[in-house]
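Everything below concerns the one structure shown next.
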Amino acid sequence: MNYLKFVFAVFLLACGGTQTANDTLVFVRGSDSVGLDPALETDGESFKVCDNIYETLVTYDEETTEVIPQLAHAWDVSDDMLTWTFHLRTDVQFHDGTPFNAQAMLFSLGRQFFKDHPHHDIPGAYKYWKDMDMDNIVSDMSAPNDSTFVFQLKRANAPFLSNLAMNFCAAVSPAAVEKYGSDFFKHPTGTGPFRFVEWRKDERIILDRNEQYWGKTAPLKRLIFKPIQEASVRFLELKQGTAQGMDNLNPEYIEQIRNNPDLQLLTQPGMNVGYLAMNMDKPPFDKPLVRRALNHAINKQALVDNFYQGLALAAKNPIPPTMWSYNDQVQGYEYDPQRARQLLAEAGLSDGFETELWAMPVPRPYMPQPDKIAQAIQADLEKIGVRAKIVQWEWGTYLDKVSQGEHTMALLGWTGDNGDPDNFLYVLLDKTAAEKPAGNIAFYRSDQLHDVLVRARASAQRDERDALYRQAQEIIFRDAPWVPLVHATQTAAFRHNVEGFKLHPTGNKWFRNVRINTP
Amino acid sequence: MHLYILKRIVLLFPTLLGISLLVFLMLYFVPGDPAQIMLGERANAETLAELRAEMGLDQPFHIQFYRFFSGLLSGDLGRSIRTHEKITVEIFQRFPATFELTFFSMFIATFVGISTGILAAVRRGRFIDLLSMIGATAGISMPIFWLALLLVLMFSVYLPFFPVSGRMGTHIYLEPVTYFYTLDAMLAGDWAALSNVLWHLTLPAIALGTIPMAVIARMTRASLLEVLGEDYVRTAWAKGLARRWVILRHAVRNAFIPTLTVIALEFGYLLGGAVITETIFAWPGVGRWIFLAVQARDFRAVQGGVLLIATIFVLVNLLADILYAWLDPRIRYEK
């Protein structure tokens with residue numbers, strides 16, 4: 001009997017204390033971070049945590065990709081756009097108590113840039129630094145005094161400023177990197193509004209408020225990231241109130257969240273595109289008429305309704321509408337099979353043709369069900385006499401083969417990095433990106449577009465760049481190397497009493513202004 | 001006996017070597033470039049070449065093989081390609097989660113399974129026998145995915161007795177020493193944390209233990225029935241021994257050997273990590289870790305994980321063999 005009493009007592013003890021305090025937020029997500037060194041990581045789950053620990057010279061505005069000051073309070077650009085001078089804040093320190101200054105910035109970026117830097121050779125690679133082409137943009141960097149940091153560029157490059165707002169350019173504590181070496185990724189030390197406390201792999205990451213923060217201290221005292229792979233379980237935790245927020249919702253939960261007074265739904269058109277690329281090196285896709293015909297043949301709205309449960313926008317341009325310079329004047333190719341057949345006939349293909357349609361074997365953020373989307377497109381094309389055979393490869397092989405141009409038509413997509421149109425248009429559609437292994441898998445080589453994109457890169461004037469990118473979208477619309485399909489919507493859900501969280505186009509998750517109100 | 005154990009341990013090495021070789025070959029020949037998979041849409045010629053070089057994929061087959069083999073012999077499992085963490089650390093942090101869950105599942109499974117099996121055998125053909133065997137058949141047939149979700153819905157949502165997922169409450173802080181949370185809580189003398197950890201263990205342990213429980217119950221019943229028909233049991237009855245004494249002392253002990261084999265096999269099997277249970281209960285064990293490593297073609301992690309599982313499996317079986325001899329002194333391991 002005593003034994004039973006003990007069990008009961010233990011049970012009661014366990015049941016009590018499940019409530020998290022009102023200043024602690026538990027955020028559940030699909031998987032754990034890979035690492036927490038901002039220069040080393042490439043996955044969103046790592047950056048979600050880094051966003052709150054680290055800061056950059058410049059950052060994005062709360063809801064747009066406009067670049068605003070952060071660790072640098074101001075900056076000057078020389079007339080030739082080759083010298084960028086950043087004036088740093090002097091009231092900032094790292095979580096380990098060491099001061100933030102230009103030397104620390106030189107260390108953070110220098111370890112990625114200088115080949116002879118003691119921390120240049122590491123397990124893994126500074127992938128984003130390479131990916132954003134920083135080695136070919138930056139010629140030198142220096143710290144003339146504690147509050148001044150200078151970049152010398154090889155050539156004028158306007159998107160460079162947006163790159164500096166990305167996680168990989170964050171300030172890391174030199175003392176902590178020296179101390180932990182290649183284990184720094186699990187001892188992250190930055191200047192941000194939250195400091196790192198604990199990481200239990202696949203279980204939780206705990207961050208606490210940085211009480212010494214140079215800006216306004218965060219309302220939340222503690223922030224916990226908890227990975228739960230199974231979507232239904234993630235949602236249950238939110239419904240039960242044991243978690244206060246989650247992202248990447250399954251479409252089937254959307255209605256439930258809307259109808260639940262305890263929950264709130266946040267959505268925002270994501271900075272991504274899912275597209276169908278037509279390989280212009282292979283006939284009949286060398287003919288503009290054929291490419292336009294296919295653009296008219298595919299019912300994008302049906303894709304959005306059937307495979308995204310409405311959580312996407314039908315695309316007409318390669319860049320999403322949340323991005324500056326989006327050209328809404330471009331009329332797009334409306335769904336019109338009749339017109340498509342007509343264009344095919346004009347191209348001398350009134351009997352249609354046989355081709356291949358390659359589809360990704362794995363769900364991607366911009367296309368959660370690529371195989372079903374491929375089937376829908378196949379059916380649409382069948383209506384205009386284009387008989388497409390669906391081809392799938394294992395993911396690694398798929399990427400390799402499409403970058404080598406082995407496909408005729410292939411589905412793929414892109415998620416933006418730095419919020420600059422250059423990061424979509426140049427990387428995916430410029431003629432220089434058509435060199436194998438190609439990012440431009442339509443193998444679209446337009447000198448006119450190249451000229452526009454290069455001018456936009458070299459311009460310091462935002463208005464001028466804006467006009468040039470609008471022009472670029474018109475050229476792309478006319479030449480139709482792709483069928484731009486969709487821009488998938490970003491989603492998140494919170495308990496009703498959570499306030500101050502904003503979805504950001506880049507996918508950044510900032511919790512510095514989030515508070516939990518007393519229910 | 002000692003010689004036998006020694007021989008079994010020595011034999012462990014060629015077994016593991018063979019297994020790692022097999023895994024190496026499988027990972028080598030499976031289609032898909034690991035570097036390409038890791039970089040995804042952003043792969044370009046330069047980053048691909050660099051990552052391939054870092055992973056040693058640019059080397060010819062025999063060099064890759066030699067590197068893998070020499071690393072293995074020196075006991076260096078290297079760092080995970082996906083997470084840059086030492087494989088040994090990855091395992092050290094996750095294996096306790098798997099072990100703790102397996103231990104509690106098998107504890108429940110063995111206790112309930114054997115009791116049910118004995119009860120069913122002794123009451124053969126009666127209602128209780130029928131009921132427990134229907135239960136056992138259901139236990140074996142239920143997909144664990146479905147059962148686990150059902151348990152969560154039943155006991156965490158409609159009757160909110162247990163937590164939905166995780167190893168302990170988010171508000172609990174334990175100094176990680178052994179990563180066995182029950183032990184860590186006891187070491188810290190934190191009884192609230194201990195009860196919280198046990199409370200979190202309950203549902204996943206039941207979900208994971210259901211299949212072994214059913215198998216153990218059926219096995220116990222079958223072998224006990226067989227033993228109950230043996231001459232020596234009849235002799236024991238004839239001697240006028242008490243019913244409880246005959247069944248527990250004479251029959252069950254002998255009937256236990258096949259059951260023990262099943263327990264050992266299930267134990268070894270569960271220690272390899274239970275991907276589905278771990279996924280549903282967000283349990284940070286080795287199963288899901290290896291699963292992710294395979295998906296990412298993180299071959300060093302797969303290698304380390306498979307070696308771990310193989311070692312455990314062999315050791316658990318060895319332990320079972322030793323227990324046989326203890327249970328039944330007639331069993332001797334001679335040449």
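Ligands are numbered from 1 in the order shown, chains are lettered A, B, ... in the order of the structure tokens, and residues start at 1 in each chain.
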message = Considering only helix (DSSP H, G or I) as DSSP defines it on the backbone, what residues of segment 44-220 of chain B qualify? List them as a ChimeraX atom specification.
response = /B:45-55,61-73,87-122,127-141,144-158,181-188,191-220
request  = Compute the set of chain B residues within 6 Å of chain A, using only C-alpha atoms, and express it as JSON, numbers by chain.
outcome  = {"B": [32, 33, 36, 37, 83, 195, 196, 279, 280, 282, 284]}
inquiry  = Using Å and a single decimal, report how far atom CA of Ala193 of chain B sits from atom CA of Met106 of chain B.
reply    =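 Separation between atom CA of Met106 of chain B and atom CA of Ala193 of chain B: 22.5 Å.
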query = Quick one: residues within 12 Å of Tyr333 of chain A, only C-alpha atoms counted, chain neighbours fewer than 3 positions away excluded, as a ChimeraX atom specification?
reply = /A:291-300,314-317,330,336-337,339-340,477-480,482-485
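Using only C-alpha atoms, the contacts of segment 213-226 of chain B at a cut-off of 6 Å, with sequence neighbours closer than 5 positions omitted, comprise B:Ala109, B:Gly113, B:Ile114, B:Thr116, B:Gly117, B:Ile118, B:Ala121, B:Ala136, B:Gly139, B:Ile140, B:Ala255, B:Thr259.
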How about saving the chosen residues, N, CA, C and O atoms kept, as an mmCIF file, in the first residue's frame?
```
data_model
loop_
_atom_site.group_PDB
_atom_site.id
_atom_site.type_symbol
_atom_site.label_atom_id
_atom_site.label_comp_id
_atom_site.auth_asym_id
_atom_site.auth_seq_id
_atom_site.Cartn_x
_atom_site.Cartn_y
_atom_site.Cartn_z
ATOM 1 N N ALA B 109 7.894 -5.161 -21.002
ATOM 2 C CA ALA B 109 7.568 -6.277 -21.893
ATOM 3 C C ALA B 109 7.828 -7.609 -21.205
ATOM 4 O O ALA B 109 7.021 -8.537 -21.273
ATOM 5 N N GLY B 113 4.829 -9.711 -20.173
ATOM 6 C CA GLY B 113 4.824 -10.822 -21.126
ATOM 7 C C GLY B 113 4.932 -12.163 -20.425
ATOM 8 O O GLY B 113 4.150 -13.088 -20.697
ATOM 9 N N ILE B 114 5.875 -12.294 -19.512
ATOM 10 C CA ILE B 114 6.063 -13.576 -18.831
ATOM 11 C C ILE B 114 4.865 -13.891 -17.941
ATOM 12 O O ILE B 114 4.349 -15.013 -17.965
ATOM 13 N N THR B 116 1.793 -12.927 -18.260
ATOM 14 C CA THR B 116 0.659 -13.310 -19.100
ATOM 15 C C THR B 116 0.847 -14.709 -19.663
ATOM 16 O O THR B 116 -0.087 -15.523 -19.684
ATOM 17 N N GLY B 117 2.078 -14.977 -20.116
ATOM 18 C CA GLY B 117 2.377 -16.283 -20.707
ATOM 19 C C GLY B 117 2.136 -17.399 -19.704
ATOM 20 O O GLY B 117 1.524 -18.433 -20.035
ATOM 21 N N ILE B 118 2.613 -17.221 -18.470
ATOM 22 C CA ILE B 118 2.446 -18.246 -17.440
ATOM 23 C C ILE B 118 0.960 -18.445 -17.136
ATOM 24 O O ILE B 118 0.450 -19.559 -17.122
ATOM 25 N N ALA B 121 -0.721 -20.307 -19.919
ATOM 26 C CA ALA B 121 -0.347 -21.713 -19.997
ATOM 27 C C ALA B 121 -1.045 -22.513 -18.900
ATOM 28 O O ALA B 121 -1.551 -23.611 -19.132
ATOM 29 N N ALA B 136 -2.137 -10.835 -27.356
ATOM 30 C CA ALA B 136 -0.775 -10.983 -27.883
ATOM 31 C C ALA B 136 -0.765 -10.886 -29.401
ATOM 32 O O ALA B 136 0.098 -10.232 -29.987
ATOM 33 N N GLY B 139 -1.147 -7.393 -30.274
ATOM 34 C CA GLY B 139 0.090 -6.669 -29.980
ATOM 35 C C GLY B 139 1.113 -6.821 -31.088
ATOM 36 O O GLY B 139 1.797 -5.866 -31.466
ATOM 37 N N ILE B 140 1.205 -8.045 -31.633
ATOM 38 C CA ILE B 140 2.180 -8.269 -32.705
ATOM 39 C C ILE B 140 1.736 -7.593 -33.984
ATOM 40 O O ILE B 140 2.538 -7.058 -34.744
ATOM 41 N N ALA B 255 11.392 -23.762 -18.796
ATOM 42 C CA ALA B 255 10.690 -23.204 -19.960
ATOM 43 C C ALA B 255 11.252 -21.842 -20.341
ATOM 44 O O ALA B 255 10.946 -21.299 -21.395
ATOM 45 N N THR B 259 12.439 -18.357 -24.066
ATOM 46 C CA THR B 259 11.978 -16.994 -23.810
ATOM 47 C C THR B 259 13.160 -16.042 -23.683
ATOM 48 O O THR B 259 13.143 -14.930 -24.204
#
```
Could you list, as an mmCIF file with C-alpha atoms, in the first residue's frame, every residue within 9 Å of Ala460 of chain A, counting only C-alpha atoms and ignoring same-chain residues fewer than 6 positions away?
```cif
data_model
loop_
_atom_site.group_PDB
_atom_site.id
_atom_site.type_symbol
_atom_site.label_atom_id
_atom_site.label_comp_id
_atom_site.auth_asym_id
_atom_site.auth_seq_id
_atom_site.Cartn_x
_atom_site.Cartn_y
_atom_site.Cartn_z
ATOM 1 C CA VAL A 77 30.706 54.035 -50.263
ATOM 2 C CA ASP A 79 32.265 56.974 -55.868
ATOM 3 C CA MET A 81 31.944 51.730 -55.398
ATOM 4 C CA ALA A 156 31.538 47.343 -58.148
ATOM 5 C CA ASN A 157 28.917 45.016 -56.701
ATOM 6 C CA ALA A 158 25.706 46.398 -55.267
#
```
task = Please provide as a PyMOL selection string all residues within 12 Å of Leu208 of chain B, with the sequence filter that same-chain residues fewer than 3 positions apart are discarded (counting only C-alpha atoms).
result = chain B and resi 98+100-109+139-140+142-149+151+201-205+211-214+266-267+269-271+273-281+283
ask   = Quick one: residues within 9 Å of Cys50 of chain A, only C-alpha atoms counted, chain neighbours fewer than 6 positions away excluded, as a list of chain:residue names?
value = A:Leu36, A:Asp37, A:Pro38, A:Asn167, A:Pro188, A:Gly190, A:Gly192
task = Enumerate as a PyMOL selection string all residues of segment 134-192 of chain A assigned to strand (DSSP E or B) by DSSP on the backbone, naming them with the chain letters and numbers the document uses.
result = chain A and resi 138-145+148-153
Output N, CA and C atoms for every residue in the selection just made, as a PDB file, in the first residue's frame.
```pdb
ATOM      1  N   VAL A 138      35.421  40.574 -52.933  1.00  0.00           N
ATOM      2  CA  VAL A 138      36.266  41.307 -51.988  1.00  0.00           C
ATOM      3  C   VAL A 138      37.734  41.168 -52.393  1.00  0.00           C
ATOM      4  N   SER A 139      38.461  42.291 -52.393  1.00  0.00           N
ATOM      5  CA  SER A 139      39.898  42.177 -52.657  1.00  0.00           C
ATOM      6  C   SER A 139      40.693  42.303 -51.363  1.00  0.00           C
ATOM      7  N   ASP A 140      40.170  43.055 -50.395  1.00  0.00           N
ATOM      8  CA  ASP A 140      40.870  43.153 -49.109  1.00  0.00           C
ATOM      9  C   ASP A 140      39.902  43.686 -48.046  1.00  0.00           C
ATOM     10  N   MET A 141      40.270  43.480 -46.784  1.00  0.00           N
ATOM     11  CA  MET A 141      39.490  44.081 -45.700  1.00  0.00           C
ATOM     12  C   MET A 141      40.456  44.483 -44.591  1.00  0.00           C
ATOM     13  N   SER A 142      40.099  45.529 -43.853  1.00  0.00           N
ATOM     14  CA  SER A 142      41.024  46.000 -42.824  1.00  0.00           C
ATOM     15  C   SER A 142      40.268  46.707 -41.701  1.00  0.00           C
ATOM     16  N   ALA A 143      40.969  46.871 -40.576  1.00  0.00           N
ATOM     17  CA  ALA A 143      40.382  47.545 -39.417  1.00  0.00           C
ATOM     18  C   ALA A 143      41.328  48.661 -38.993  1.00  0.00           C
ATOM     19  N   PRO A 144      41.231  49.846 -39.636  1.00  0.00           N
ATOM     20  CA  PRO A 144      42.164  50.934 -39.329  1.00  0.00           C
ATOM     21  C   PRO A 144      42.086  51.405 -37.879  1.00  0.00           C
ATOM     22  N   ASN A 145      40.927  51.369 -37.269  1.00  0.00           N
ATOM     23  CA  ASN A 145      40.835  51.644 -35.828  1.00  0.00           C
ATOM     24  C   ASN A 145      39.663  50.845 -35.267  1.00  0.00           C
ATOM     25  N   THR A 148      36.212  51.425 -37.040  1.00  0.00           N
ATOM     26  CA  THR A 148      36.111  51.552 -38.500  1.00  0.00           C
ATOM     27  C   THR A 148      36.526  50.251 -39.174  1.00  0.00           C
ATOM     28  N   PHE A 149      35.696  49.800 -40.077  1.00  0.00           N
ATOM     29  CA  PHE A 149      35.980  48.570 -40.798  1.00  0.00           C
ATOM     30  C   PHE A 149      35.844  48.844 -42.289  1.00  0.00           C
ATOM     31  N   VAL A 150      36.861  48.443 -43.071  1.00  0.00           N
ATOM     32  CA  VAL A 150      36.882  48.825 -44.480  1.00  0.00           C
ATOM     33  C   VAL A 150      36.989  47.601 -45.385  1.00  0.00           C
ATOM     34  N   PHE A 151      36.155  47.577 -46.418  1.00  0.00           N
ATOM     35  CA  PHE A 151      36.269  46.572 -47.475  1.00  0.00           C
ATOM     36  C   PHE A 151      36.805  47.235 -48.738  1.00  0.00           C
ATOM     37  N   GLN A 152      37.710  46.553 -49.414  1.00  0.00           N
ATOM     38  CA  GLN A 152      38.080  46.943 -50.768  1.00  0.00           C
ATOM     39  C   GLN A 152      37.499  45.879 -51.693  1.00  0.00           C
ATOM     40  N   LEU A 153      36.790  46.321 -52.732  1.00  0.00           N
ATOM     41  CA  LEU A 153      36.196  45.348 -53.650  1.00  0.00           C
ATOM     42  C   LEU A 153      36.986  45.254 -54.939  1.00  0.00           C
TER      43      LEU A 153
END
```
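Coordinates place atom CA of Asp247 of chain A at a distance of 13.8 Å from atom CA of Phe47 of chain A.
Atom CA of Leu220 of chain A is found 16.2 Å from atom CA of Lys48 of chain A.
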